[in-house]
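Asks: Could you have a look at this structure, given as structure tokens, before my questions?
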Amino acid sequence: MRQSRASSFVKLSLMLAAACAALFAHSTVARANMAAPQPASRPGDAPRELSGELKSMHIERETLVIDLRPLKDRRPAVVEATYTVRNVGEQRDLELVFVADAMRPGAAWVWNGHDWVQDPKRAQVEGGVWFDGQTVAALADSNTEGLPQKWASPLQTPGLFPGQPPLPYKTLGEGTLTFRVTLAPGEHNIRVRYEARPGAYCDARSHAIYWQLGYVLAPAREWASFGKLDAKVLLPRGWRAEASQEMRREGDALVAMWDKIPADTLAVTAQTNERTFSDEGVFWVVLIVQGCICTVLAAFAGWLIGRWLGRRGRNFAWSLLVAPALAVLFVYLSYLFADVLAAPSAPEQAAFNAVGGYGGIITFFLVIVITGWLFIITLIAAFIARRRALPA
């Protein structure tokens, strides 16, 4: 009868160990995406310069600020263009058009890890049109038919790494804002501020999203004259970025000043320099170190189990029930600790079509080896302690 019970205990312990191994197999292999990555992109908005009845107006100066810092928190970029214009003729009533789909009332976007989605709970940034410091009412429209082909958005944005070709760039359907202003003779100030959703691209070169924004400068060529253009692209701290036109890096910004329109478009690519995926190297090192520490704990636990069994004259088979559970518990806690230390610093910037790897196989192998090792150490310590604790 005792032999039959011992045999049952052994079978039960082996079943428990197999179940634990299957559990860890699922969790460890899930850490790596083994599918072949396919480059993909998500379209963004197509912001443009002011257009409309401006052929007789003179731009003395424009200040363009493209603020990409909100991307760090998964929010759209903020574009602000300020124009100093001069009317050298008679007073005129002008209808101006601004192409900015994300500027429509009620549009509050957030990046969900794969695409831009509406988030009614998110507060919108202050946006709109101001003429000589006064807010101007604007009429939103989703119809952009009739826009000149030369005002099209760029088809690509710059690569970020040596030898990397330009990245394909896509834009969404565009909406417009139309507003009317009265320009008396003399100098005036027009300021426009709005959110713009950058496009997103990913490839096999990087685990992080490439954020893309193409600003169309071509409409400014329709004005009677153009003075200076001051442009600045604000970046989250430490991010890498490149522009299609020559801009110099100053801290966490790209800046430039041009005496004329430098090109029909200004295309920018930006990307975080922070880790977006778990650091597998750190994870494996911590897991191995924790396994070594847990070896001592497993030996101590096995010793206590063996003494308890020996003093009560219990069969050694009882330790086969406890040892697998202890081994799995130790490895599970080690796994969690390693996962915390190896956690990415910017998971929200991870590419939506992540690059796969073989890290999951290595992790699975380590988990199985460490679990088996702790199981054996626990059993050996329990066996020795039980023998010594048996009554003479």
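So you can find residues: chains in the structure tokens are A, B, ... in the order shown, residues in each start at 1, and ligands are numbered from 1 in order.
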Based on the backbone DSSP call, show me all residues of stretch 166-385 of chain A assigned strand (DSSP E), as a VMD selection string.
Replies: chain A and resid 167 to 168 176 to 183 186 to 196 199 to 202 210 to 216 225 to 234 240 to 243 248 to 249 253 to 258 265 to 271
Asks: Using only C-alpha atoms, which of A:Phe364, A:Ala351, A:Gln212, A:Lys260 sits nearest A:Ser225?
Replies: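 Residue with the minimum atom-to-atom distance to A:Ser225: A:Lys260.
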Asks: Can you work out which one of A:Trp318, A:Tyr358, A:Phe283, A:Tyr169 has the shortest atom-to-atom distance to A:Tyr335, counting only C-alpha atoms?
Replies: A:Phe283
Asks: Choose the residue, out of A:Pro168, A:Ala224, A:Arg75, A:Val216, that has the smallest atom-to-atom separation from A:Asn87; count only C-alpha atoms.
Replies: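 That would be A:Ala224, the residue with the smallest distance to A:Asn87.
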Asks: Which one is closest to A:Phe383: A:Arg249, A:His58, A:Arg48, A:Arg307? Count only C-alpha atoms.
Replies: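 Ranking A:Arg249, A:His58, A:Arg48, A:Arg307 by distance to A:Phe383, first place goes to A:Arg307.
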Asks: Restricting the calculation to only C-alpha atoms, which member of A:Asp132, A:Asp115, A:Asp252, A:Asp45 is positioned closest to A:Lys232?
Replies: A:Asp252
Asks: Neighbouring residues of stretch 162-164 of chain A were defined as those with any atom within 12 Å, considering only C-alpha atoms; residues of the same chain fewer than 5 positions away were excluded. Please report them as a count of residues only.
Replies: 6
Asks: Near A:Asn273, within 10 Å and counting only C-alpha atoms, which residues show up once chain neighbours fewer than 6 positions away are dropped, as a list in words?
Replies: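 With the cut-off at 10 Å, the set is Ala208, Pro236, Arg237, Gly238, Trp239, Arg240, Ser345, Ala346 and Gln349 of chain A.
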Asks: Any chance you could export the current selection's C-alpha atoms as an mmCIF file, in the first residue's frame?
Replies:
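Result saved to part.cif:
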data_model
loop_
_atom_site.group_PDB
_atom_site.id
_atom_site.type_symbol
_atom_site.label_atom_id
_atom_site.label_comp_id
_atom_site.auth_asym_id
_atom_site.auth_seq_id
_atom_site.Cartn_x
_atom_site.Cartn_y
_atom_site.Cartn_z
ATOM 1 C CA ALA A 208 10.721 52.356 -32.317
ATOM 2 C CA PRO A 236 11.175 65.580 -26.842
ATOM 3 C CA ARG A 237 14.398 65.430 -24.848
ATOM 4 C CA GLY A 238 17.119 63.389 -26.550
ATOM 5 C CA TRP A 239 15.081 62.377 -29.599
ATOM 6 C CA ARG A 240 16.812 62.012 -32.957
ATOM 7 C CA SER A 345 11.727 53.107 -20.745
ATOM 8 C CA ALA A 346 9.395 54.167 -23.581
ATOM 9 C CA GLN A 349 6.922 54.508 -28.627
#
Asks: Could you please determine the separation between atom CA of A:Leu167 and atom CA of A:Ser41 in Å, to one decimal place?
Replies: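 Going from atom CA of A:Leu167 over to atom CA of A:Ser41 covers 9.5 Å.
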Asks: Residues within 9 Å of stretch 185-188 of chain A, please, as a list in words. Count only C-alpha atoms; anything in the same chain fewer than 4 positions from it doesn't count.
Replies: Glu60, Tyr83, Thr84, Val85, Arg86, Asn87, Val88, Gly89, Glu90, Gln91, Arg92, Phe131 and Asp132 of chain A
Asks: When you look at stretch 264-267 of chain A with a cut-off of 7 Å (counting only C-alpha atoms), what residues show up, excluding the ones that are within fewer than 5 positions of it in the same chain? I need them as a PyMOL selection string.
Replies: chain A and resi 154+157+213-218+243-245
Asks: Which residues are near stretch 190-198 of chain A? Cut-off 6 Å, only C-alpha atoms, ignore same chain within fewer than 6 positions. Put them as a list in words.
Replies: Gly44, Asp45, Pro76, Ala77, Val78, Val79, Glu80, Ala81, Thr82, Tyr83, Ala102, Met103, Gly127, Gly128, Val129, Trp130, Phe131, Gln212 and Leu213 of chain A
Asks: Please produce a file of those selected residues containing all heavy atoms, as a short mmCIF file (atom, residue, chain, number, x, y, z; two decimals), in the first residue's frame.
Replies:
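What ended up in out.cif:
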data_model
loop_
_atom_site.label_atom_id
_atom_site.label_comp_id
_atom_site.auth_asym_id
_atom_site.auth_seq_id
_atom_site.Cartn_x
_atom_site.Cartn_y
_atom_site.Cartn_z
N GLY A 44 -0.87 60.37 -41.67
CA GLY A 44 -1.06 61.50 -40.78
C GLY A 44 -1.72 62.65 -41.51
O GLY A 44 -2.16 62.52 -42.66
N ASP A 45 -1.80 63.79 -40.85
CA ASP A 45 -2.39 64.98 -41.46
C ASP A 45 -1.43 65.60 -42.47
O ASP A 45 -0.25 65.27 -42.51
CB ASP A 45 -2.74 66.00 -40.38
CG ASP A 45 -3.87 65.51 -39.48
OD1 ASP A 45 -4.81 64.89 -40.01
OD2 ASP A 45 -3.81 65.73 -38.26
N PRO A 76 -0.96 64.31 -30.58
CA PRO A 76 -0.50 64.88 -31.85
C PRO A 76 0.47 66.03 -31.64
O PRO A 76 0.54 66.64 -30.56
CB PRO A 76 -1.80 65.37 -32.51
CG PRO A 76 -2.88 64.60 -31.86
CD PRO A 76 -2.43 64.36 -30.45
N ALA A 77 1.20 66.34 -32.71
CA ALA A 77 2.07 67.51 -32.70
C ALA A 77 1.21 68.78 -32.71
O ALA A 77 0.01 68.74 -32.99
CB ALA A 77 2.98 67.49 -33.93
N VAL A 78 1.83 69.88 -32.34
CA VAL A 78 1.15 71.18 -32.38
C VAL A 78 1.91 72.07 -33.36
O VAL A 78 3.12 72.24 -33.25
CB VAL A 78 1.10 71.84 -30.99
CG1 VAL A 78 0.46 73.23 -31.08
CG2 VAL A 78 0.32 70.96 -30.01
N VAL A 79 1.19 72.61 -34.33
CA VAL A 79 1.78 73.49 -35.33
C VAL A 79 1.26 74.91 -35.11
O VAL A 79 0.06 75.11 -34.93
CB VAL A 79 1.42 73.03 -36.76
CG1 VAL A 79 2.00 73.99 -37.79
CG2 VAL A 79 1.94 71.62 -37.01
N GLU A 80 2.18 75.86 -35.10
CA GLU A 80 1.80 77.26 -34.96
C GLU A 80 2.55 78.09 -36.00
O GLU A 80 3.78 78.05 -36.07
CB GLU A 80 2.11 77.78 -33.56
CG GLU A 80 1.69 79.22 -33.35
CD GLU A 80 1.82 79.68 -31.91
OE1 GLU A 80 1.36 78.93 -31.01
OE2 GLU A 80 2.39 80.76 -31.69
N ALA A 81 1.79 78.82 -36.81
CA ALA A 81 2.37 79.68 -37.84
C ALA A 81 1.91 81.11 -37.58
O ALA A 81 0.70 81.37 -37.45
CB ALA A 81 1.94 79.24 -39.23
N THR A 82 2.87 82.02 -37.50
CA THR A 82 2.57 83.43 -37.27
C THR A 82 3.08 84.23 -38.47
O THR A 82 4.26 84.13 -38.84
CB THR A 82 3.23 83.94 -35.99
OG1 THR A 82 2.81 83.12 -34.89
CG2 THR A 82 2.85 85.38 -35.71
N TYR A 83 2.19 85.02 -39.07
CA TYR A 83 2.51 85.78 -40.28
C TYR A 83 2.45 87.28 -39.98
O TYR A 83 1.48 87.76 -39.40
CB TYR A 83 1.52 85.48 -41.40
CG TYR A 83 1.38 84.02 -41.75
CD1 TYR A 83 0.45 83.21 -41.07
CD2 TYR A 83 2.14 83.43 -42.74
CE1 TYR A 83 0.30 81.88 -41.38
CE2 TYR A 83 2.00 82.09 -43.07
CZ TYR A 83 1.08 81.32 -42.38
OH TYR A 83 0.92 79.99 -42.69
N ALA A 102 -7.02 68.06 -38.44
CA ALA A 102 -7.10 67.86 -36.99
C ALA A 102 -7.57 69.12 -36.28
O ALA A 102 -7.78 69.09 -35.07
CB ALA A 102 -5.75 67.43 -36.44
N MET A 103 -7.72 70.22 -37.00
CA MET A 103 -8.12 71.47 -36.38
C MET A 103 -9.64 71.59 -36.28
O MET A 103 -10.16 72.52 -35.68
CB MET A 103 -7.56 72.64 -37.21
CG MET A 103 -7.58 73.97 -36.54
SD MET A 103 -6.72 75.16 -37.58
CE MET A 103 -7.13 76.68 -36.74
N GLY A 127 -6.41 76.08 -29.81
CA GLY A 127 -6.14 76.24 -31.23
C GLY A 127 -7.11 77.20 -31.86
O GLY A 127 -8.14 77.55 -31.27
N GLY A 128 -6.79 77.66 -33.06
CA GLY A 128 -7.67 78.57 -33.75
C GLY A 128 -6.90 79.55 -34.62
O GLY A 128 -5.72 79.35 -34.91
N VAL A 129 -7.60 80.60 -35.01
CA VAL A 129 -7.02 81.65 -35.86
C VAL A 129 -7.18 82.99 -35.15
O VAL A 129 -8.26 83.30 -34.63
CB VAL A 129 -7.72 81.69 -37.23
CG1 VAL A 129 -7.11 82.77 -38.11
CG2 VAL A 129 -7.63 80.33 -37.93
N TRP A 130 -6.12 83.76 -35.12
CA TRP A 130 -6.14 85.09 -34.51
C TRP A 130 -5.67 86.12 -35.54
O TRP A 130 -4.66 85.91 -36.22
CB TRP A 130 -5.23 85.15 -33.29
CG TRP A 130 -5.69 84.31 -32.14
CD1 TRP A 130 -6.44 84.70 -31.07
CD2 TRP A 130 -5.41 82.92 -31.93
NE1 TRP A 130 -6.65 83.66 -30.20
CE2 TRP A 130 -6.04 82.54 -30.71
CE3 TRP A 130 -4.71 81.94 -32.65
CZ2 TRP A 130 -5.96 81.26 -30.20
CZ3 TRP A 130 -4.64 80.66 -32.16
CH2 TRP A 130 -5.26 80.32 -30.94
N PHE A 131 -6.43 87.21 -35.64
CA PHE A 131 -6.06 88.31 -36.54
C PHE A 131 -5.86 89.57 -35.69
O PHE A 131 -6.78 90.01 -35.01
CB PHE A 131 -7.16 88.54 -37.58
CG PHE A 131 -6.89 89.69 -38.50
CD1 PHE A 131 -5.86 89.63 -39.43
CD2 PHE A 131 -7.65 90.86 -38.42
CE1 PHE A 131 -5.61 90.69 -40.28
CE2 PHE A 131 -7.41 91.93 -39.26
CZ PHE A 131 -6.38 91.84 -40.20
N GLN A 212 6.49 61.00 -38.60
CA GLN A 212 6.71 61.78 -39.82
C GLN A 212 5.69 62.91 -39.93
O GLN A 212 4.51 62.72 -39.64
CB GLN A 212 6.56 60.87 -41.06
CG GLN A 212 7.44 59.63 -41.05
CD GLN A 212 7.01 58.66 -42.13
OE1 GLN A 212 5.99 58.00 -42.02
NE2 GLN A 212 7.78 58.60 -43.21
N LEU A 213 6.17 64.06 -40.35
CA LEU A 213 5.27 65.18 -40.59
C LEU A 213 5.77 65.96 -41.80
O LEU A 213 6.94 66.37 -41.85
CB LEU A 213 5.19 66.10 -39.37
CG LEU A 213 4.06 67.15 -39.43
CD1 LEU A 213 2.70 66.45 -39.40
CD2 LEU A 213 4.16 68.10 -38.25
#
Asks: So the first atom is atom CA of A:Arg311 and the second is atom CA of A:Ala327; what is the distance between them in Å, to one decimal place?
Replies: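 Separation of atom CA of A:Arg311 and atom CA of A:Ala327: 23.4 Å.
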Asks: Pick the closest to A:Val367 from A:Gly159, A:Gly291, A:Gly302, A:Gly310: which is it, counting only C-alpha atoms?
Replies: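 Distance minimum relative to A:Val367 lands on A:Gly291.
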Asks: Report, in Å with one decimal, the straight-line distance from atom CA of A:Trp373 to atom CA of A:Gly306.
Replies: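 Straight-line distance from atom CA of A:Trp373 to atom CA of A:Gly306 works out to 17.7 Å.
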Asks: If you run DSSP on this backbone, which residues of stretch 92-302 of chain A come out as alpha helix (DSSP H), and could you give them as a PyMOL selection string?
Replies: chain A and resi 280-302
